[in-house]
Structures are given as C-alpha cells and as structure tokens.
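Written out below as structure tokens is the structure these notes cover.
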There are 2 protein chains.
Amino acid sequence: MSNNPIGIFDSGIGGTSIFKEIHALLPNENCIYLADSKNAPYGNLSEEEIVLLSVKNTEFLINKGCKIIVVACNTATTNAIDYLRQNYDIPFIGIEPAIKPAALNTQTKAIGILATKGTLSSQLFHKTTDLYSKDIKIIEQVGEGIVPLIETGQIDSKEMQSYLDIYLEPMLKQNIDYLVLGCTHYPYLIPMLTKMLPKHVKIIDSGRAVAKQTQTVLIALGLLNDSGNQPIIQLFSNGDITVLNSILDYNFEGSYLDF
Amino acid sequence: MSNNPIGIFDSGIGGTSIFKEIHALLPNENCIYLADSKNAPYGNLSEEEIVLLSVKNTEFLINKGCKIIVVACNTATTNAIDYLRQNYDIPFIGIEPAIKPAALNTQTKAIGILATKGTLSSQLFHKTTDLYSKDIKIIEQVGEGIVPLIETGQIDSKEMQSYLDIYLEPMLKQNIDYLVLGCTHYPYLIPMLTKMLPKHVKIIDSGRAVAKQTQTVLIALGLLNDSGNQPIIQLFSNGDITVLNSILDYNFEGSYLDF
C-alpha cells in the first residue's frame, strides 16, 4: 500500500492518452503528469538526446516521490528505457506499438503502423516486427508533422487531413485491416481516422495494455493506493499549457521550467 | 538485468503447472520450485496457519536469492499474499481464479468454479465474484479430496473419476459453458475433464496469465535474465519426491526438511 503518485512523462501532451487509461483503471491513484513540451517532438532527436531528456524527466518525478514511472512516449521507451531501468531502482512501464495483437489477428495479412522516425528506426521495434512479420506485410509510415500539430491544438485541421491522406494511401493500397498507432499522441486522431478508413480496418493503440501493466506491477509490489481518498492529479509542463488544459479536465498545478 | 532465480512455491506439486508456463514464456530464467508437500493440502488450514507456512516458504526462497516470488497456490494467494507484500520488499505474483474472462465470455450465463474451501471462502474470491456475478450464475464447488490424490500420483484413478462425477453434476445441470479451475493442482485434471465435459464447455486456468504477469513485473524492474546462459532449475520438497519427478523433466536438486 502506498499513497505515493504514479509518474507519467511524455514529450508533450501525447501521453495524456495513456494517463486517461491509467486514471480510468486506477481511479484511486495520485498521478503526476510531466509534459516536456519544450522539447517535443522527441521523434527526430538522437538517442543520446532522448536519454538525457528521459533522465531529467525521471529525476523530476522521483524527486516528487513517484513510486513507478510510466514512460508514456514510444520514442523515449525504445531509446531510453533500458538505460533508465539499469540506473534507477523503481519500476518503469514503457510503451510499445501493439504489433503483436494486430499480427496475430489480421485476415488480410497486411497491417499498417504509423509512428515517429525514432520509434521505427529503433532496435526494439525491429526485434518485435521481425518476430511477427512472417507471412505478414507490415507497412511502416513515419508520421512526420503530426505531433507538432497535435501539440498546438490543430487536431481537426485541414493540414492534418492532408498529412493523413498521404500517410494512409500506401496502407490502403496494400489492403491493411489493422492500423497500429505507434505514438501516444496519435489516439487523439482516432475520430478523424475512423472517418477516413474503411469500416473493416481496426485501429489499435497501447493505452489499455499499459494501464493494465501498471496495475500488475503495483499489485505485485504491494504499492496500490487503497486509501480511498480523492486522488490528487498534478500536471507539470515547460511549454504552453493551453492545449494541455483543453484536453484534460483537471486543474493545472505547479510548473516546471528547468530545461 | 538479473541472473537471480524466480522463486515459486506451492503446497506440493500443483504449482508445477504454473512453473511450466513460466519456464515456457521465460526460458532463460533460473527457477527454484519449492513444494511444501508435507503440509498439503493448504485448502483446509486456517488463515493463520497458511500465513505462517507462506512466510516460511518466502524466507526460504529469499535466502536462496530469489528476485521475485510466485505464490503458485490459490489458497496461499487469497489468504497470505497481502501479508507477504506488506512485510517483504520483493515483488509477489499471486494466483486468482480466472473468473473475469469466463464471466465476460459465457453465452449460457452460467460458469462453474472448482476450487479449495480456503479459496472459495476467502474475501478476495467474494470480491471478485461479486464484481462479475450480475446476470450470471456462478456454481461453486469445493474439490474435496482431489489435491491428496494428485499429490500421491493418483490422477487417472477411479476414485478421481468418482469425485469429478459428483462435482461436475450440478454444474452440468445448470448448463455451464465455462469451467474455471481455481487451484493450481487442477490443470493436471484437464485430460480427464475434457473427456467428461460436453465439447462446448471451455476449461480455463490461470497459468498463462500468471507467467505473463511475472514477465511484466521483471521487465518493469529491469530484472529479466538476458545472459543467454542455460537456466538452472532447482526443486526442493519436504515430502516424497517420486510424483514430483514423474511430472517434471528436470533432475531434482537439494532438499528441504525444516517444517
């Protein structure tokens, strides 16, 4: 039993899609969400830069007393989570594209994956796809330009529509029946994607699986918060919080301007 | 990364069904299996007795350097795991009857559960069934006498057949389509149960889910063994090891006679 908060960080607001799933599954838990918006998107940074930023985010959250850290960013997971697990004692939950369920269930033997450059080029991603890509076409697409639009609140914009038209075309040509969202920002595109994709194409993101993993680890360590108190949700950002507040229903507490 | 072993204990040989799933999912991991056969079955003991035995098993495994402990016994999980998590720093994985997937997927709105008295009468069990028992009939049955027969190698016996005839009858009358095995000994009955049950009745045990949870926790803590070495599997028992050796394919190492 522990009242200490769950720490969640992302290169901006994308990881709030993960925070929402965690809060829905574990409504008693205190949470601290850290948005490193100033350095978003992580997708185009080098591995060294991503590790350095992930370390700063981790130390901020550990100093706030977090009992577990969710790296709610695919790019930070693939590039930095091994380093974090080797250097800090607390548990880390990471985000990986949900390739496995898509590969196991595809009928058309073709699945699409939309992710950042940093995720698609990583070793971890290739290890996973190699495992499941026998007899299956995996159409990879870098979602260049999408994250900055989401970060600035331009989700339902003409520019976004143009990007998605271009990125989905090769996938639809190959007759995919699963689209895997490999970046925590992308669940905010689901309403638009649902309109654009044929009905038989299913969209998969990792949010619920990550929330379940967080729960499993907290239970195993006896660290669930069963106080029954109203949870305290804190958000910290080093960028403009207008979009963050418009996406979440919580009052913003604190600020963070060290980077 | 850690080469330390995964510790697994049960009131005898039942938890070997869990060990097999863990070894299949995590073939690089060293494992220590502790069979407290002398005190089997736990199902009829008091909560205090079960906690005391679970503490002894836990301290044995911690002294052997285990990095995580799997309480591969439903009765010990329901009665002792909260105590263990509060008093020891390492993670504990427990076993709960897989009521949730059965309740979510039943078509006949009736599921059967076969478990020990200690599991069925526990608070944890009632909390879980209350969650899922709306509009669903849950037919509970204490598997009195089954564990001692398995412990003595009489799995495919006339006496076992007679027990199962009696225990399954009320479930079949209620037209169950899922049978949940709520004791880690019972997966050894699956061949016999499959012959006795109508084809549309699915049998669910918790082995694979427990192995997956163990993996999730080890990954989160950076404790997976990725040395690539041949794993060392050690078995310890305080009872007759003839049946244990006939069920497993590993050579028995060590012994344990403290209880």
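Please note that chains go A, B, ... in the order of the structure tokens, that every chain numbers its residues from 1, and that ligands are numbered from 1 in the order shown.
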**Q.** Distance filter 6 Å, only C-alpha atoms, chain B against chain A, as number ranges by chain
**A.** B: 85, 91-93, 217, 220-222
DSSP helix (DSSP H, G or I) residues within range 9-238 of chain B, as a CSV table (one decimal) with C-alpha atoms, in the first residue's frame:
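As written to disk, out.csv reads:
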chain,number,residue,atom,x,y,z
B,16,THR,CA,4.4,-27.1,-11.2
B,17,SER,CA,1.6,-26.3,-13.7
B,18,ILE,CA,2.5,-22.6,-13.1
B,19,PHE,CA,6.2,-23.3,-13.2
B,20,LYS,CA,5.8,-25.0,-16.7
B,21,GLU,CA,4.1,-21.9,-18.1
B,22,ILE,CA,6.7,-19.6,-16.6
B,23,HIS,CA,9.5,-21.7,-18.0
B,24,ALA,CA,7.8,-21.8,-21.4
B,25,LEU,CA,7.5,-18.0,-21.6
B,37,SER,CA,4.2,-31.3,0.3
B,38,LYS,CA,4.3,-32.2,3.9
B,39,ASN,CA,1.7,-29.6,4.7
B,42,TYR,CA,-3.4,-25.9,2.4
B,43,GLY,CA,-7.1,-25.7,1.4
B,44,ASN,CA,-8.4,-26.9,4.8
B,47,GLU,CA,-5.7,-18.4,7.6
B,48,GLU,CA,-3.1,-18.1,10.4
B,49,GLU,CA,-1.6,-21.5,9.5
B,50,ILE,CA,-1.5,-20.6,5.8
B,51,VAL,CA,0.2,-17.2,6.5
B,52,LEU,CA,2.8,-19.0,8.7
B,53,LEU,CA,3.6,-21.6,6.1
B,54,SER,CA,3.8,-18.9,3.3
B,55,VAL,CA,6.2,-16.8,5.4
B,56,LYS,CA,8.5,-19.9,5.9
B,57,ASN,CA,8.3,-20.6,2.1
B,58,THR,CA,9.1,-17.0,1.3
B,59,GLU,CA,12.1,-16.8,3.6
B,60,PHE,CA,13.5,-20.0,2.2
B,61,LEU,CA,13.3,-18.5,-1.3
B,62,ILE,CA,14.6,-15.1,-0.3
B,63,ASN,CA,17.6,-16.8,1.4
B,74,ASN,CA,-4.7,-20.2,-5.0
B,75,THR,CA,-5.3,-20.8,-1.2
B,76,ALA,CA,-2.0,-19.2,-0.2
B,77,THR,CA,-2.6,-16.2,-2.5
B,78,THR,CA,-6.1,-15.5,-1.2
B,79,ASN,CA,-5.0,-15.9,2.5
B,80,ALA,CA,-1.4,-14.7,2.7
B,81,ILE,CA,-0.3,-12.6,-0.2
B,82,ASP,CA,-1.4,-9.2,1.3
B,83,TYR,CA,0.7,-10.1,4.4
B,84,LEU,CA,3.7,-11.1,2.3
B,85,ARG,CA,3.6,-7.9,0.2
B,86,GLN,CA,3.4,-5.7,3.3
B,87,ASN,CA,6.3,-7.5,5.0
B,99,ILE,CA,-13.4,-15.7,-13.2
B,100,LYS,CA,-13.3,-12.5,-15.3
B,101,PRO,CA,-12.6,-14.0,-18.7
B,102,ALA,CA,-15.2,-16.7,-18.1
B,103,ALA,CA,-17.9,-14.2,-16.9
B,104,LEU,CA,-17.2,-11.9,-19.8
B,105,ASN,CA,-17.5,-14.6,-22.5
B,117,LYS,CA,-12.5,-24.5,0.6
B,118,GLY,CA,-9.9,-21.9,1.5
B,119,THR,CA,-10.1,-20.2,-1.8
B,120,LEU,CA,-13.9,-20.2,-2.1
B,123,GLN,CA,-12.7,-12.3,1.0
B,124,LEU,CA,-10.7,-11.9,-2.2
B,125,PHE,CA,-12.7,-14.5,-4.0
B,126,HIS,CA,-16.0,-13.0,-3.0
B,127,LYS,CA,-14.9,-9.5,-4.0
B,128,THR,CA,-14.0,-10.8,-7.5
B,129,THR,CA,-17.2,-12.9,-8.0
B,130,ASP,CA,-19.4,-10.0,-6.7
B,131,LEU,CA,-17.9,-7.9,-9.5
B,132,TYR,CA,-18.8,-10.2,-12.3
B,146,ILE,CA,-8.7,-34.0,-5.2
B,147,VAL,CA,-5.4,-32.5,-4.1
B,148,PRO,CA,-4.3,-35.5,-2.0
B,149,LEU,CA,-5.0,-37.8,-4.9
B,150,ILE,CA,-2.9,-35.6,-7.2
B,151,GLU,CA,-0.1,-35.4,-4.6
B,158,LYS,CA,-11.3,-44.5,-10.4
B,159,GLU,CA,-11.5,-42.5,-7.1
B,160,MET,CA,-10.7,-39.3,-9.0
B,161,GLN,CA,-13.4,-40.2,-11.6
B,162,SER,CA,-16.0,-40.6,-8.8
B,163,TYR,CA,-15.1,-37.3,-7.2
B,164,LEU,CA,-15.4,-35.4,-10.6
B,165,ASP,CA,-18.7,-37.1,-11.5
B,166,ILE,CA,-20.2,-35.8,-8.2
B,167,TYR,CA,-18.6,-32.3,-8.5
B,168,LEU,CA,-19.5,-31.7,-12.2
B,169,GLU,CA,-23.1,-32.8,-12.0
B,170,PRO,CA,-24.6,-29.6,-10.5
B,171,MET,CA,-22.6,-27.5,-13.0
B,172,LEU,CA,-23.8,-29.5,-16.0
B,173,LYS,CA,-27.4,-29.3,-14.7
B,186,TYR,CA,-6.3,-28.9,-11.2
B,187,PRO,CA,-4.7,-28.4,-14.6
B,188,TYR,CA,-3.4,-32.0,-14.2
B,189,LEU,CA,-7.1,-33.0,-14.5
B,190,ILE,CA,-7.6,-31.3,-17.9
B,191,PRO,CA,-7.2,-34.6,-20.0
B,192,MET,CA,-9.8,-36.3,-17.8
B,193,LEU,CA,-12.1,-33.2,-17.6
B,194,THR,CA,-12.0,-32.8,-21.4
B,195,LYS,CA,-13.3,-36.4,-21.8
B,196,MET,CA,-16.1,-35.9,-19.2
B,207,GLY,CA,-1.2,-20.4,-15.8
B,208,ARG,CA,-0.5,-18.3,-18.8
B,209,ALA,CA,-1.8,-15.1,-17.3
B,210,VAL,CA,0.5,-15.6,-14.2
B,211,ALA,CA,3.5,-16.2,-16.5
B,212,LYS,CA,2.7,-13.0,-18.4
B,213,GLN,CA,2.4,-11.1,-15.1
B,214,THR,CA,5.7,-12.4,-14.0
B,215,GLN,CA,7.3,-11.2,-17.2
B,216,THR,CA,5.6,-7.8,-17.0
B,217,VAL,CA,7.0,-7.2,-13.5
B,218,LEU,CA,10.5,-8.4,-14.3
B,219,ILE,CA,10.6,-6.2,-17.4
B,220,ALA,CA,9.4,-3.2,-15.4
Q. When you draw a straight line from CA of Gln230 in chain B to CA of Val243 in chain B, how long is it in Å?
A. 25.2 Å
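CA of Thr106 in chain B is positioned 27.4 Å from CA of Asp177 in chain A.
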(Q) If I take CA of Lys137 in chain A and CA of Gly112 in chain A, how far is one from the other in Å, to one decimal? (A) 8.4 Å
